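S.K.: Structure: target30.cif, mmCIF, C-alpha atoms.
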data_start
#
loop_
_atom_site.label_atom_id
_atom_site.label_comp_id
_atom_site.auth_asym_id
_atom_site.auth_seq_id
_atom_site.Cartn_x
_atom_site.Cartn_y
_atom_site.Cartn_z
CA MET A 1266 -42.35 -8.02 -30.97
CA LYS A 1267 -40.73 -4.80 -32.10
CA LEU A 1268 -37.05 -4.35 -31.50
CA PRO A 1269 -37.31 -1.45 -28.97
CA THR A 1270 -39.82 -3.42 -26.86
CA LEU A 1271 -37.62 -6.46 -27.06
CA LEU A 1272 -34.62 -4.43 -25.93
CA ALA A 1273 -36.58 -2.83 -23.13
CA LYS A 1274 -37.77 -6.21 -21.90
CA GLY A 1275 -34.28 -7.62 -22.11
CA LEU A 1276 -32.91 -4.68 -20.15
CA ALA A 1277 -35.61 -4.98 -17.50
CA LEU A 1278 -34.94 -8.69 -17.11
CA SER A 1279 -31.20 -8.23 -16.82
CA MET A 1280 -31.67 -5.51 -14.21
CA LEU A 1281 -33.93 -7.83 -12.24
CA VAL A 1282 -31.32 -10.55 -12.32
CA ALA A 1283 -28.58 -8.10 -11.38
CA THR A 1284 -30.42 -6.82 -8.33
CA ALA A 1285 -31.61 -10.24 -7.21
CA SER A 1286 -28.15 -11.71 -6.93
CA PHE A 1287 -25.07 -9.75 -5.93
CA GLY A 1288 -23.19 -11.69 -8.51
CA PHE A 1289 -19.95 -12.27 -6.62
CA THR A 1290 -17.21 -13.81 -8.71
CA GLU A 1291 -14.04 -15.63 -7.89
CA GLY A 1292 -11.00 -13.64 -8.92
CA THR A 1293 -12.63 -10.24 -8.43
CA ASP A 1294 -14.48 -10.48 -5.13
CA TYR A 1295 -12.62 -13.33 -3.51
CA VAL A 1296 -9.98 -15.96 -4.15
CA LYS A 1297 -9.73 -19.57 -3.10
CA LEU A 1298 -6.63 -19.99 -0.93
CA GLU A 1299 -4.01 -22.34 -2.29
CA LYS A 1300 -3.17 -23.28 1.28
CA PRO A 1301 -6.44 -23.29 3.23
CA ILE A 1302 -6.35 -22.53 6.95
CA ALA A 1303 -6.64 -25.78 8.90
CA ASN A 1304 -9.65 -26.51 11.17
CA ALA A 1305 -11.44 -23.35 10.14
CA ASP A 1306 -14.83 -24.62 9.09
CA LYS A 1307 -17.69 -22.25 9.97
CA THR A 1308 -15.43 -19.33 10.76
CA LEU A 1309 -14.73 -15.83 9.58
CA ILE A 1310 -11.03 -15.25 10.18
CA LYS A 1311 -9.56 -11.76 10.16
CA VAL A 1312 -5.80 -11.58 9.66
CA PHE A 1313 -4.61 -8.25 11.02
CA SER A 1314 -1.68 -6.34 12.44
CA TYR A 1315 -1.53 -3.50 14.96
CA ASP A 1316 0.79 -1.67 12.60
CA CYS A 1317 -1.59 -1.43 9.63
CA PRO A 1318 -3.70 1.71 9.16
CA PHE A 1319 -6.46 -0.09 7.30
CA CYS A 1320 -6.77 -2.73 10.03
CA TYR A 1321 -7.43 0.13 12.44
CA LYS A 1322 -9.99 1.64 10.07
CA TYR A 1323 -11.76 -1.69 9.66
CA ASP A 1324 -11.72 -2.33 13.40
CA LYS A 1325 -13.22 1.08 14.05
CA ALA A 1326 -15.95 1.16 11.46
CA VAL A 1327 -16.41 -2.18 9.70
CA THR A 1328 -15.66 -5.33 11.71
CA PRO A 1329 -17.79 -4.40 14.77
CA VAL A 1330 -20.68 -3.69 12.37
CA ILE A 1331 -20.49 -6.87 10.32
CA VAL A 1332 -19.76 -9.44 13.03
CA PRO A 1333 -23.23 -9.22 14.67
CA LYS A 1334 -24.78 -9.67 11.22
CA LEU A 1335 -22.91 -12.86 10.38
CA PRO A 1336 -24.94 -15.96 9.50
CA GLU A 1337 -25.87 -18.17 12.43
CA GLY A 1338 -23.12 -20.60 13.40
CA LEU A 1339 -20.29 -18.64 11.79
CA THR A 1340 -17.67 -17.76 14.41
CA PHE A 1341 -15.47 -14.68 14.15
CA ARG A 1342 -11.80 -15.30 14.90
CA PRO A 1343 -8.99 -12.74 14.76
CA PHE A 1344 -5.51 -13.93 13.69
CA HIS A 1345 -2.67 -11.55 14.49
CA LEU A 1346 0.15 -11.40 11.94
CA LYS A 1347 3.43 -11.47 13.84
CA THR A 1348 5.70 -10.72 10.88
CA LYS A 1349 4.46 -7.17 10.36
CA GLY A 1350 5.51 -4.45 12.75
CA LYS A 1351 8.55 -4.24 14.97
CA TYR A 1352 6.74 -5.79 17.93
CA GLY A 1353 4.53 -8.21 16.01
CA VAL A 1354 5.73 -11.20 18.04
CA GLN A 1355 5.01 -9.53 21.40
CA ALA A 1356 1.62 -8.33 20.16
CA SER A 1357 0.68 -11.86 19.09
CA GLU A 1358 1.61 -13.25 22.51
CA LEU A 1359 -0.39 -10.67 24.36
CA PHE A 1360 -3.41 -10.83 22.04
CA ALA A 1361 -3.61 -14.65 22.22
CA THR A 1362 -3.31 -14.52 26.00
CA LEU A 1363 -6.10 -11.95 26.25
CA ILE A 1364 -8.43 -13.84 23.89
CA ILE A 1365 -8.10 -16.91 26.14
CA LYS A 1366 -8.66 -14.68 29.20
CA ASP A 1367 -11.84 -13.32 27.58
CA GLN A 1368 -13.03 -16.86 26.95
CA ASP A 1369 -12.36 -17.85 30.55
CA ASN A 1370 -14.14 -14.74 31.80
CA GLY A 1371 -17.21 -15.59 29.75
CA VAL A 1372 -16.97 -12.52 27.51
CA LYS A 1373 -19.33 -13.31 24.64
CA SER A 1374 -17.95 -11.07 21.93
CA LEU A 1375 -14.44 -9.80 21.23
CA PHE A 1376 -16.13 -6.46 20.48
CA ASP A 1377 -17.70 -6.31 23.92
CA GLU A 1378 -16.58 -3.36 26.04
CA LYS A 1379 -15.43 -5.85 28.68
CA SER A 1380 -13.13 -7.71 26.31
CA GLN A 1381 -9.54 -7.30 27.47
CA PHE A 1382 -8.40 -8.23 24.00
CA LYS A 1383 -10.37 -5.33 22.55
CA LYS A 1384 -8.99 -2.93 25.14
CA ALA A 1385 -5.39 -3.85 24.34
CA LYS A 1386 -5.97 -3.89 20.59
CA MET A 1387 -7.58 -0.46 20.51
CA ALA A 1388 -4.86 0.91 22.81
CA TYR A 1389 -2.18 -0.25 20.36
CA TYR A 1390 -4.03 1.12 17.35
CA ASN A 1391 -4.57 4.38 19.12
CA ALA A 1392 -0.96 4.70 20.27
CA TYR A 1393 0.56 3.69 16.95
CA HIS A 1394 -1.71 5.44 14.48
CA ASP A 1395 -3.11 8.43 16.36
CA LYS A 1396 -0.32 9.26 18.76
CA LYS A 1397 2.47 8.02 16.45
CA GLU A 1398 4.04 6.08 19.33
CA ARG A 1399 6.83 3.79 18.08
CA TRP A 1400 8.07 2.39 21.43
CA ASP A 1401 11.70 3.26 20.72
CA ALA A 1402 12.52 2.26 24.31
CA GLY A 1403 11.98 -1.40 23.40
CA ALA A 1404 9.67 -4.40 23.73
CA GLU A 1405 9.00 -3.79 27.42
CA SER A 1406 7.52 -0.39 26.75
CA PHE A 1407 5.44 -1.87 23.95
CA LEU A 1408 4.01 -4.54 26.27
CA GLU A 1409 3.36 -1.93 28.93
CA THR A 1410 0.85 -0.15 26.64
CA GLY A 1411 -1.26 -3.28 26.13
CA LEU A 1412 -0.98 -4.55 29.70
CA GLN A 1413 -2.03 -1.22 31.11
CA ALA A 1414 -5.01 -0.93 28.77
CA SER A 1415 -6.23 -4.45 29.47
CA GLY A 1416 -5.55 -4.35 33.19
CA LEU A 1417 -3.31 -7.40 33.18
CA SER A 1418 -0.22 -7.40 35.38
CA LYS A 1419 3.16 -8.33 33.96
CA ALA A 1420 3.40 -11.30 36.33
CA ASP A 1421 -0.04 -12.60 35.36
CA PHE A 1422 0.83 -12.23 31.69
CA GLU A 1423 4.09 -14.14 32.07
CA LYS A 1424 2.18 -16.97 33.70
CA ALA A 1425 -0.88 -16.93 31.44
CA LYS A 1426 1.09 -16.96 28.21
CA GLU A 1427 2.49 -20.37 29.13
CA ASP A 1428 -1.04 -21.82 28.92
CA PRO A 1429 -1.06 -24.54 26.24
CA ARG A 1430 -4.21 -23.00 24.72
CA VAL A 1431 -2.35 -19.72 24.22
CA LYS A 1432 0.61 -21.52 22.69
CA ALA A 1433 -1.72 -23.47 20.39
CA MET A 1434 -3.40 -20.27 19.25
CA ILE A 1435 -0.07 -18.59 18.48
CA ALA A 1436 0.99 -21.68 16.55
CA GLU A 1437 -2.28 -21.54 14.62
CA TRP A 1438 -1.68 -17.88 13.80
CA GLU A 1439 1.50 -18.87 11.94
CA GLN A 1440 -0.85 -19.50 9.03
CA SER A 1441 -1.56 -15.77 8.87
CA TYR A 1442 1.52 -15.10 6.81
CA ASP A 1443 0.42 -17.13 3.80
CA VAL A 1444 -2.92 -15.34 3.83
CA ALA A 1445 -1.39 -11.88 4.24
CA LYS A 1446 1.00 -12.53 1.36
CA VAL A 1447 -1.87 -12.73 -1.12
CA GLN A 1448 -3.27 -9.20 -0.82
CA GLY A 1449 -2.07 -7.74 2.45
CA VAL A 1450 -3.92 -6.97 5.66
CA PRO A 1451 -6.64 -6.84 6.81
CA GLY A 1452 -7.48 -10.20 5.24
CA PHE A 1453 -10.88 -11.80 5.76
CA VAL A 1454 -11.16 -15.55 5.19
CA VAL A 1455 -14.43 -17.52 5.17
CA ASN A 1456 -14.31 -21.18 6.29
CA GLY A 1457 -10.52 -21.07 6.01
CA LYS A 1458 -10.82 -21.31 2.24
CA TYR A 1459 -12.08 -18.12 0.64
CA LEU A 1460 -10.10 -14.91 1.00
CA ILE A 1461 -12.11 -11.76 0.35
CA TYR A 1462 -10.44 -9.19 -1.91
CA THR A 1463 -10.56 -6.14 0.33
CA LYS A 1464 -10.39 -3.93 -2.75
CA SER A 1465 -13.79 -5.16 -3.92
CA ILE A 1466 -15.60 -4.36 -0.67
CA THR A 1467 -17.75 -1.27 -1.09
CA SER A 1468 -19.94 -1.35 2.02
CA PRO A 1469 -20.39 -3.34 5.25
CA ASP A 1470 -23.69 -4.74 3.95
CA GLY A 1471 -22.12 -5.91 0.70
CA MET A 1472 -19.39 -7.55 2.74
CA VAL A 1473 -21.96 -9.42 4.86
CA GLU A 1474 -23.71 -10.63 1.70
CA LEU A 1475 -20.44 -11.92 0.29
CA ILE A 1476 -19.59 -13.68 3.56
CA LYS A 1477 -23.06 -15.29 3.57
CA GLU A 1478 -22.61 -16.55 0.04
CA LEU A 1479 -19.10 -17.89 0.70
CA SER A 1480 -20.11 -19.58 3.95
CA THR A 1481 -22.57 -21.81 2.10
CA LYS A 1482 -20.06 -22.83 -0.55
CA MET B 780 22.77 33.47 -23.83
CA ASP B 781 23.40 33.28 -27.56
CA PHE B 782 23.73 29.56 -27.22
CA PHE B 783 20.18 29.20 -25.88
CA LYS B 784 18.90 31.71 -28.41
CA ASN B 785 20.35 29.61 -31.19
CA LEU B 786 18.88 26.44 -29.75
CA TRP B 787 15.48 28.08 -29.58
CA GLN B 788 15.78 29.39 -33.16
CA GLU B 789 16.72 25.95 -34.36
CA PHE B 790 13.83 24.36 -32.47
CA LYS B 791 11.36 26.93 -33.84
CA SER B 792 12.38 26.49 -37.43
CA CYS B 793 12.09 22.70 -37.40
CA PRO B 794 10.80 21.19 -34.11
CA VAL B 795 10.69 17.56 -35.19
CA GLY B 796 14.09 17.58 -36.83
CA THR B 797 15.67 19.41 -33.91
CA VAL B 798 14.26 17.10 -31.24
CA ALA B 799 15.22 14.12 -33.38
CA LYS B 800 18.75 15.49 -33.52
CA TRP B 801 18.84 16.17 -29.78
CA GLN B 802 17.81 12.65 -28.88
CA ASP B 803 20.80 11.50 -30.91
CA GLN B 804 22.94 13.42 -28.45
CA ARG B 805 23.72 12.70 -24.83
CA PHE B 806 22.37 15.67 -22.93
CA LEU B 807 18.61 14.90 -22.98
CA TRP B 808 19.27 11.36 -21.83
CA LEU B 809 21.57 12.61 -19.10
CA VAL B 810 18.92 15.13 -18.04
CA MET B 811 16.40 12.30 -17.68
CA ALA B 812 18.84 10.21 -15.61
CA ALA B 813 19.92 13.18 -13.51
CA ALA B 814 16.37 14.36 -12.79
CA SER B 815 15.35 10.86 -11.72
CA ILE B 816 18.43 10.41 -9.52
CA PHE B 817 17.75 13.81 -8.02
CA LEU B 818 14.17 12.87 -7.08
CA ILE B 819 15.28 9.55 -5.54
CA LEU B 820 17.96 11.34 -3.54
CA VAL B 821 15.54 14.00 -2.32
CA ALA B 822 13.10 11.29 -1.22
CA HIS B 823 15.78 9.23 0.50
CA SER B 824 18.27 11.70 1.92
CA LEU B 825 16.03 14.66 2.63
CA PHE B 826 12.57 13.29 3.41
CA GLN B 827 13.42 9.82 4.72
CA ASN B 828 16.67 10.40 6.59
CA TYR B 829 16.63 14.09 7.47
CA VAL B 830 12.92 14.69 8.13
CA TYR B 831 12.06 11.10 9.27
CA MET B 832 9.28 10.61 6.75
CA LYS B 833 9.37 6.85 6.27
CA PRO B 834 8.57 5.49 2.81
CA CYS B 835 5.37 3.50 2.30
CA GLU B 836 5.00 0.50 0.01
CA GLN B 837 3.89 2.37 -3.11
CA CYS B 838 6.53 5.01 -2.32
CA VAL B 839 9.40 2.51 -2.70
CA TYR B 840 7.82 1.25 -5.93
CA ILE B 841 7.84 4.83 -7.19
CA ARG B 842 11.56 4.98 -6.42
CA PHE B 843 11.98 1.79 -8.41
CA ALA B 844 10.16 3.38 -11.37
CA PHE B 845 12.53 6.36 -11.26
CA LEU B 846 15.46 3.93 -11.03
CA CYS B 847 14.32 2.35 -14.31
CA MET B 848 14.41 5.80 -15.87
CA VAL B 849 17.93 6.36 -14.50
CA ILE B 850 19.05 3.08 -16.08
CA GLY B 851 17.39 3.97 -19.38
CA GLY B 852 18.98 7.40 -19.45
CA LEU B 853 22.44 6.09 -18.62
CA VAL B 854 22.34 3.22 -21.12
CA ALA B 855 21.17 5.47 -23.96
CA SER B 856 23.76 8.12 -23.15
CA ILE B 857 26.60 5.63 -23.58
CA ASN B 858 26.03 6.30 -27.26
CA PRO B 859 22.63 7.66 -28.28
CA GLN B 860 23.41 7.13 -31.96
CA ASN B 861 23.60 3.40 -31.41
CA ILE B 862 20.11 2.14 -32.19
CA ALA B 863 20.25 -0.81 -29.78
CA LEU B 864 21.34 1.35 -26.83
CA LYS B 865 18.76 3.96 -27.70
CA ILE B 866 15.94 1.42 -27.88
CA ILE B 867 16.98 0.05 -24.48
CA GLY B 868 16.90 3.65 -23.23
CA TYR B 869 13.39 4.20 -24.52
CA ILE B 870 12.12 0.85 -23.20
CA PHE B 871 13.47 1.47 -19.68
CA GLY B 872 12.31 5.08 -19.78
CA PHE B 873 8.76 4.36 -20.88
CA TRP B 874 8.46 1.28 -18.69
CA GLY B 875 9.54 3.29 -15.64
CA ILE B 876 7.14 6.09 -16.48
CA ILE B 877 4.14 3.81 -17.04
CA GLN B 878 4.85 1.81 -13.87
CA GLY B 879 5.29 5.08 -12.02
CA ILE B 880 1.97 6.43 -13.24
CA MET B 881 0.21 3.29 -12.07
CA TYR B 882 1.91 3.34 -8.65
CA SER B 883 1.08 7.02 -8.22
CA ILE B 884 -2.59 6.51 -9.05
CA LYS B 885 -2.75 3.61 -6.62
CA LEU B 886 -0.97 5.58 -3.89
CA ASN B 887 -3.37 8.46 -4.42
CA LYS B 888 -6.35 6.14 -3.90
CA ILE B 889 -4.76 4.64 -0.79
CA HIS B 890 -3.93 8.11 0.50
CA HIS B 891 -7.54 9.22 0.10
CA ALA B 892 -8.94 6.07 1.70
CA ALA B 893 -6.45 6.30 4.56
CA HIS B 894 -7.35 9.94 5.23
CA SER B 895 -11.13 9.47 5.11
CA ASP B 896 -13.69 7.52 7.10
CA ASN B 897 -14.40 5.31 4.12
CA PRO B 898 -11.70 2.63 3.95
CA PHE B 899 -13.31 0.82 1.03
CA GLY B 900 -12.09 0.37 -2.50
CA VAL B 901 -8.40 -0.16 -1.74
CA GLN B 902 -6.44 -3.25 -0.98
CA GLY B 903 -4.96 -2.43 2.38
CA CYS B 904 -1.34 -2.89 3.35
CA SER B 905 0.91 -5.64 2.02
CA ALA B 906 2.77 -7.96 4.31
CA GLU B 907 5.91 -7.39 2.26
CA PRO B 908 6.78 -5.56 -0.95
CA SER B 909 6.81 -7.28 -4.32
CA PHE B 910 8.80 -5.60 -7.07
CA PRO B 911 8.39 -6.35 -10.78
CA LEU B 912 10.16 -9.52 -11.94
CA GLY B 913 10.34 -10.62 -8.31
CA LEU B 914 13.44 -8.45 -7.74
CA PRO B 915 14.31 -8.62 -4.01
CA LEU B 916 15.32 -4.94 -3.92
CA ASP B 917 14.12 -4.59 -0.34
CA LYS B 918 16.69 -7.25 0.66
CA TRP B 919 19.50 -5.89 -1.50
CA ALA B 920 19.09 -2.27 -0.46
CA PRO B 921 16.70 -2.10 2.50
CA ASP B 922 17.54 1.49 3.31
CA TRP B 923 16.32 2.50 -0.15
CA PHE B 924 13.61 -0.01 -1.01
CA LYS B 925 12.21 -1.50 2.19
CA PRO B 926 8.87 0.10 3.07
CA THR B 927 9.16 1.24 6.68
CA GLY B 928 6.24 3.65 6.67
CA ASP B 929 2.53 2.97 6.91
CA CYS B 930 0.62 2.68 3.69
CA GLY B 931 -1.02 5.95 2.82
CA PHE B 932 0.82 8.00 5.44
CA ASP B 933 4.05 9.96 5.15
CA ALA B 934 4.04 12.30 8.14
CA PRO B 935 7.41 12.59 9.92
CA ILE B 936 7.89 10.37 12.97
CA VAL B 937 10.93 11.43 14.94
CA PRO B 938 12.48 8.64 17.04
CA ASP B 939 12.75 9.23 20.78
CA GLY B 940 15.90 10.95 21.96
CA VAL B 941 16.82 12.53 18.63
CA GLU B 942 18.02 16.12 18.83
CA LEU B 943 16.67 18.02 15.84
CA SER B 944 18.47 20.97 14.32
CA SER B 945 16.36 24.07 13.90
CA LEU B 946 16.02 23.43 10.17
CA GLN B 947 14.99 19.83 10.81
CA GLN B 948 12.45 20.97 13.38
CA TRP B 949 11.06 23.47 10.90
CA LEU B 950 10.70 20.81 8.20
CA VAL B 951 9.15 18.32 10.64
CA ASP B 952 6.59 20.95 11.63
CA PHE B 953 6.08 22.05 8.05
CA TYR B 954 5.19 18.51 6.97
CA ALA B 955 3.48 17.51 10.22
CA ASP B 956 0.36 16.31 8.37
CA GLY B 957 2.36 14.51 5.70
CA TRP B 958 3.90 15.68 2.46
CA TYR B 959 1.92 18.19 0.42
CA LEU B 960 3.12 20.70 -2.14
CA ILE B 961 1.27 23.29 -0.05
CA PRO B 962 1.00 21.64 3.39
CA SER B 963 -1.21 24.32 4.97
CA GLN B 964 -3.90 23.68 2.36
CA HIS B 965 -3.32 19.91 2.07
CA LEU B 966 -2.94 20.63 -1.62
CA VAL B 967 -1.25 18.14 -4.00
CA ASN B 968 -0.09 15.11 -2.07
CA MET B 969 3.07 13.12 -2.82
CA ALA B 970 1.20 10.74 -5.14
CA GLN B 971 -0.23 13.57 -7.20
CA ALA B 972 3.12 15.37 -7.38
CA CYS B 973 4.76 12.15 -8.61
CA LEU B 974 1.97 11.66 -11.13
CA PHE B 975 2.60 15.14 -12.55
CA ALA B 976 6.33 14.41 -12.75
CA TYR B 977 5.70 11.15 -14.63
CA ILE B 978 3.24 12.75 -17.03
CA LEU B 979 5.77 15.48 -17.79
CA CYS B 980 8.45 12.83 -18.40
CA PHE B 981 6.02 10.92 -20.59
CA LEU B 982 5.35 13.97 -22.75
CA LEU B 983 9.06 14.79 -23.10
CA LEU B 984 10.21 11.25 -23.79
CA GLY B 985 7.20 10.75 -26.06
CA ALA B 986 8.17 13.84 -28.07
CA MET B 987 11.75 12.53 -28.35
CA CYS B 988 10.62 9.11 -29.48
CA ALA B 989 7.99 10.43 -31.91
CA SER B 990 10.47 12.86 -33.51
CA TRP B 991 12.99 10.08 -33.90
CA ILE B 992 10.48 7.78 -35.61
CA LEU B 993 9.11 10.57 -37.83
CA LYS B 994 12.62 11.52 -38.87
CA MET B 995 13.41 7.90 -39.75
CA ILE B 996 10.27 7.63 -41.90
CA GLN B 997 11.14 10.91 -43.62
CA SER B 998 14.67 9.89 -44.38
CA LYS B 999 13.49 6.56 -45.76
CA LYS B 1000 11.10 8.33 -48.14
CA ALA B 1001 13.76 10.75 -49.31
#
Before anything else, please render the file you have as structure tokens.

M.R.:
Amino acid sequence: MKLPTLLAKGLALSMLVATASFGFTEGTDYVKLEKPIANADKTLIKVFSYDCPFCYKYDKAVTPVIVPKLPEGLTFRPFHLKTKGKYGVQASELFATLIIKDQDNGVKSLFDEKSQFKKAKMAYYNAYHDKKERWDAGAESFLETGLQASGLSKADFEKAKEDPRVKAMIAEWEQSYDVAKVQGVPGFVVNGKYLIYTKSITSPDGMVELIKELSTK
Amino acid sequence: MDFFKNLWQEFKSCPVGTVAKWQDQRFLWLVMAAASIFLILVAHSLFQNYVYMKPCEQCVYIRFAFLCMVIGGLVASINPQNIALKIIGYIFGFWGIIQGIMYSIKLNKIHHAAHSDNPFGVQGCSAEPSFPLGLPLDKWAPDWFKPTGDCGFDAPIVPDGVELSSLQQWLVDFYADGWYLIPSQHLVNMAQACLFAYILCFLLLGAMCASWILKMIQSKKA
């Protein structure tokens, strides 16, 4: 075989291989967490904060697109990071309460229009990032924004947040910090073990492919 | 006037030798330190405190890079003829500049991603800052080095109940969409302006260092 033909064949073969597999690699596309998230098998966890512009961007255009395309059996779970943002602690309490409310109300997806969690989350994003609201009046005014958007009364919230399931969820979210420390937020973790490098994501479809590959690891 | 004329004449007749001589004197080093201090002060006192433009993560790193240049300039100007002090000056100067260039490029990418509908290709926002060598600068001097702004955004956010002076109000309106050299056109953002400043510093410090080395080689040959 002549050299040019050989080269051409080699090139064609390598292109075939390159297109057939996405070729995700540890260290560039994702990293194995030193401290895995406990009890997180078959999940896609998103660590986020209301006070992070890119979390808002992902929640507007990326997360709602990818979650319906996740492999069968993989559950999407948001983890709110309480250490970022002035009212991170209050936001975590309200978000956990509303996620449990959604569950009790039989809301199937946290991206459903009926989800009270979604309503509060988008209201905070919108207030903080679009309207530049900083709730200088204090924690009460911060809570007011989320309660109003989700339609939960202050009294109901005070009662519902004492639910052991809410408390357990908030305790579970403590693990967010170790994840966020690695490369910031939003942070997507597959099966509690593999953290996706947000920097390497180039499209929602590519992200779904990576999640698929990691979920079978 | 004659003084500058003479300087210019001297520079024209022998650029390398003149710059090599200048970097043996204090003033260039003091200019580097003073310019860097000036930029940090403008960022902190004017933009952060007076116009309520909170610094983002990369923005505080950029301050750190300028701080390195301040240290380099001050150390060298203790006695620029002392080789050890001068080398420390060059190391801090170049290190600050190179770090600064990298931070500026990153901030520019974040700025573009944050201001477009395509959030891909950048890392997002850190949970907390991490300075080179693990320096806890955000704990030591939070007012100067703790990122309180959102990554990629630097528009002024005036706290409730603050009475603005008319000048403050004008500046807040002027930079309402964030810092730009020409805000009405959204032309040259803060990251790009910093990048230009670092490149200029790199060229000047590079010329100083190259002249110094050339002069040393020449004098060894002679």

S.K.: Select, as a compact mmCIF listing (two decimals) with C-alpha atoms, keeping the file's coordinate frame, those residues of chain A with any atom no more than 8 Å from chain B (distances computed using all atoms listed in the file).

M.R.:
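Resulting contents of part.txt:
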# COMPACT_ATOMS: atom_id res chain seq x y z
CA ASP A 1316 0.79 -1.67 12.60
CA CYS A 1317 -1.59 -1.43 9.63
CA PRO A 1318 -3.70 1.71 9.16
CA PHE A 1319 -6.46 -0.09 7.30
CA CYS A 1320 -6.77 -2.73 10.03
CA LYS A 1322 -9.99 1.64 10.07
CA TYR A 1323 -11.76 -1.69 9.66
CA THR A 1348 5.70 -10.72 10.88
CA LYS A 1349 4.46 -7.17 10.36
CA LYS A 1397 2.47 8.02 16.45
CA ARG A 1399 6.83 3.79 18.08
CA ASP A 1401 11.70 3.26 20.72
CA ALA A 1402 12.52 2.26 24.31
CA TYR A 1442 1.52 -15.10 6.81
CA ALA A 1445 -1.39 -11.88 4.24
CA LYS A 1446 1.00 -12.53 1.36
CA GLN A 1448 -3.27 -9.20 -0.82
CA GLY A 1449 -2.07 -7.74 2.45
CA VAL A 1450 -3.92 -6.97 5.66
CA PRO A 1451 -6.64 -6.84 6.81
CA TYR A 1462 -10.44 -9.19 -1.91
CA THR A 1463 -10.56 -6.14 0.33
CA LYS A 1464 -10.39 -3.93 -2.75
CA SER A 1465 -13.79 -5.16 -3.92
CA ILE A 1466 -15.60 -4.36 -0.67
CA THR A 1467 -17.75 -1.27 -1.09
CA SER A 1468 -19.94 -1.35 2.02

S.K.: For the file shown, report as a PDB file with C-alpha atoms, keeping the file's coordinate frame the outcome of the PyMOL selection byres ((chain A and resi 1426) around 12) at residue level.

M.R.:
ATOM      1  CA  GLN A1355       5.010  -9.530  21.400  1.00  0.00           C
ATOM      2  CA  ALA A1356       1.620  -8.330  20.160  1.00  0.00           C
ATOM      3  CA  SER A1357       0.680 -11.860  19.090  1.00  0.00           C
ATOM      4  CA  GLU A1358       1.610 -13.250  22.510  1.00  0.00           C
ATOM      5  CA  LEU A1359      -0.390 -10.670  24.360  1.00  0.00           C
ATOM      6  CA  PHE A1360      -3.410 -10.830  22.040  1.00  0.00           C
ATOM      7  CA  ALA A1361      -3.610 -14.650  22.220  1.00  0.00           C
ATOM      8  CA  THR A1362      -3.310 -14.520  26.000  1.00  0.00           C
ATOM      9  CA  LEU A1363      -6.100 -11.950  26.250  1.00  0.00           C
ATOM     10  CA  ILE A1364      -8.430 -13.840  23.890  1.00  0.00           C
ATOM     11  CA  ILE A1365      -8.100 -16.910  26.140  1.00  0.00           C
ATOM     12  CA  LYS A1366      -8.660 -14.680  29.200  1.00  0.00           C
ATOM     13  CA  LEU A1417      -3.310  -7.400  33.180  1.00  0.00           C
ATOM     14  CA  LYS A1419       3.160  -8.330  33.960  1.00  0.00           C
ATOM     15  CA  ALA A1420       3.400 -11.300  36.330  1.00  0.00           C
ATOM     16  CA  ASP A1421      -0.040 -12.600  35.360  1.00  0.00           C
ATOM     17  CA  PHE A1422       0.830 -12.230  31.690  1.00  0.00           C
ATOM     18  CA  GLU A1423       4.090 -14.140  32.070  1.00  0.00           C
ATOM     19  CA  LYS A1424       2.180 -16.970  33.700  1.00  0.00           C
ATOM     20  CA  ALA A1425      -0.880 -16.930  31.440  1.00  0.00           C
ATOM     21  CA  GLU A1427       2.490 -20.370  29.130  1.00  0.00           C
ATOM     22  CA  ASP A1428      -1.040 -21.820  28.920  1.00  0.00           C
ATOM     23  CA  PRO A1429      -1.060 -24.540  26.240  1.00  0.00           C
ATOM     24  CA  ARG A1430      -4.210 -23.000  24.720  1.00  0.00           C
ATOM     25  CA  VAL A1431      -2.350 -19.720  24.220  1.00  0.00           C
ATOM     26  CA  LYS A1432       0.610 -21.520  22.690  1.00  0.00           C
ATOM     27  CA  ALA A1433      -1.720 -23.470  20.390  1.00  0.00           C
ATOM     28  CA  MET A1434      -3.400 -20.270  19.250  1.00  0.00           C
ATOM     29  CA  ILE A1435      -0.070 -18.590  18.480  1.00  0.00           C
TER      30      ILE A1435
END

S.K.: Find the spatial neighbours of segment 1324-1330 of chain A, counting all atoms listed in the file, within a cut-off of 8 Å - ignore same-chain residues fewer than 4 positions away - and output them as a ChimeraX atom specification.

M.R.: /A:1320,1334,1376,1469

S.K.: Starting from the displayed file, determine the output of the PyMOL selection byres ((chain B and resi 811-818) around 10) and express the residue list as a PyMOL selection string.

M.R.: chain B and resi 806-810+819-824+842+844-856+872+973+976+980+983-984

S.K.: Would you kindly translate the PyMOL selection byres ((chain A and resi 1290-1301) around 7) into the concrete residues it picks from this file, as a VMD selection string?

M.R.: chain A and resid 1288 to 1289 1302 to 1303 1457 to 1462 1465

S.K.: Kindly save the residues from that selection, with C-alpha atoms included, as a short mmCIF file (atom, residue, chain, number, x, y, z; two decimals), in the frame of the given file.

M.R.:
data_model
loop_
_atom_site.label_atom_id
_atom_site.label_comp_id
_atom_site.auth_asym_id
_atom_site.auth_seq_id
_atom_site.Cartn_x
_atom_site.Cartn_y
_atom_site.Cartn_z
CA GLY A 1288 -23.19 -11.69 -8.51
CA PHE A 1289 -19.95 -12.27 -6.62
CA ILE A 1302 -6.35 -22.53 6.95
CA ALA A 1303 -6.64 -25.78 8.90
CA GLY A 1457 -10.52 -21.07 6.01
CA LYS A 1458 -10.82 -21.31 2.24
CA TYR A 1459 -12.08 -18.12 0.64
CA LEU A 1460 -10.10 -14.91 1.00
CA ILE A 1461 -12.11 -11.76 0.35
CA TYR A 1462 -10.44 -9.19 -1.91
CA SER A 1465 -13.79 -5.16 -3.92
#
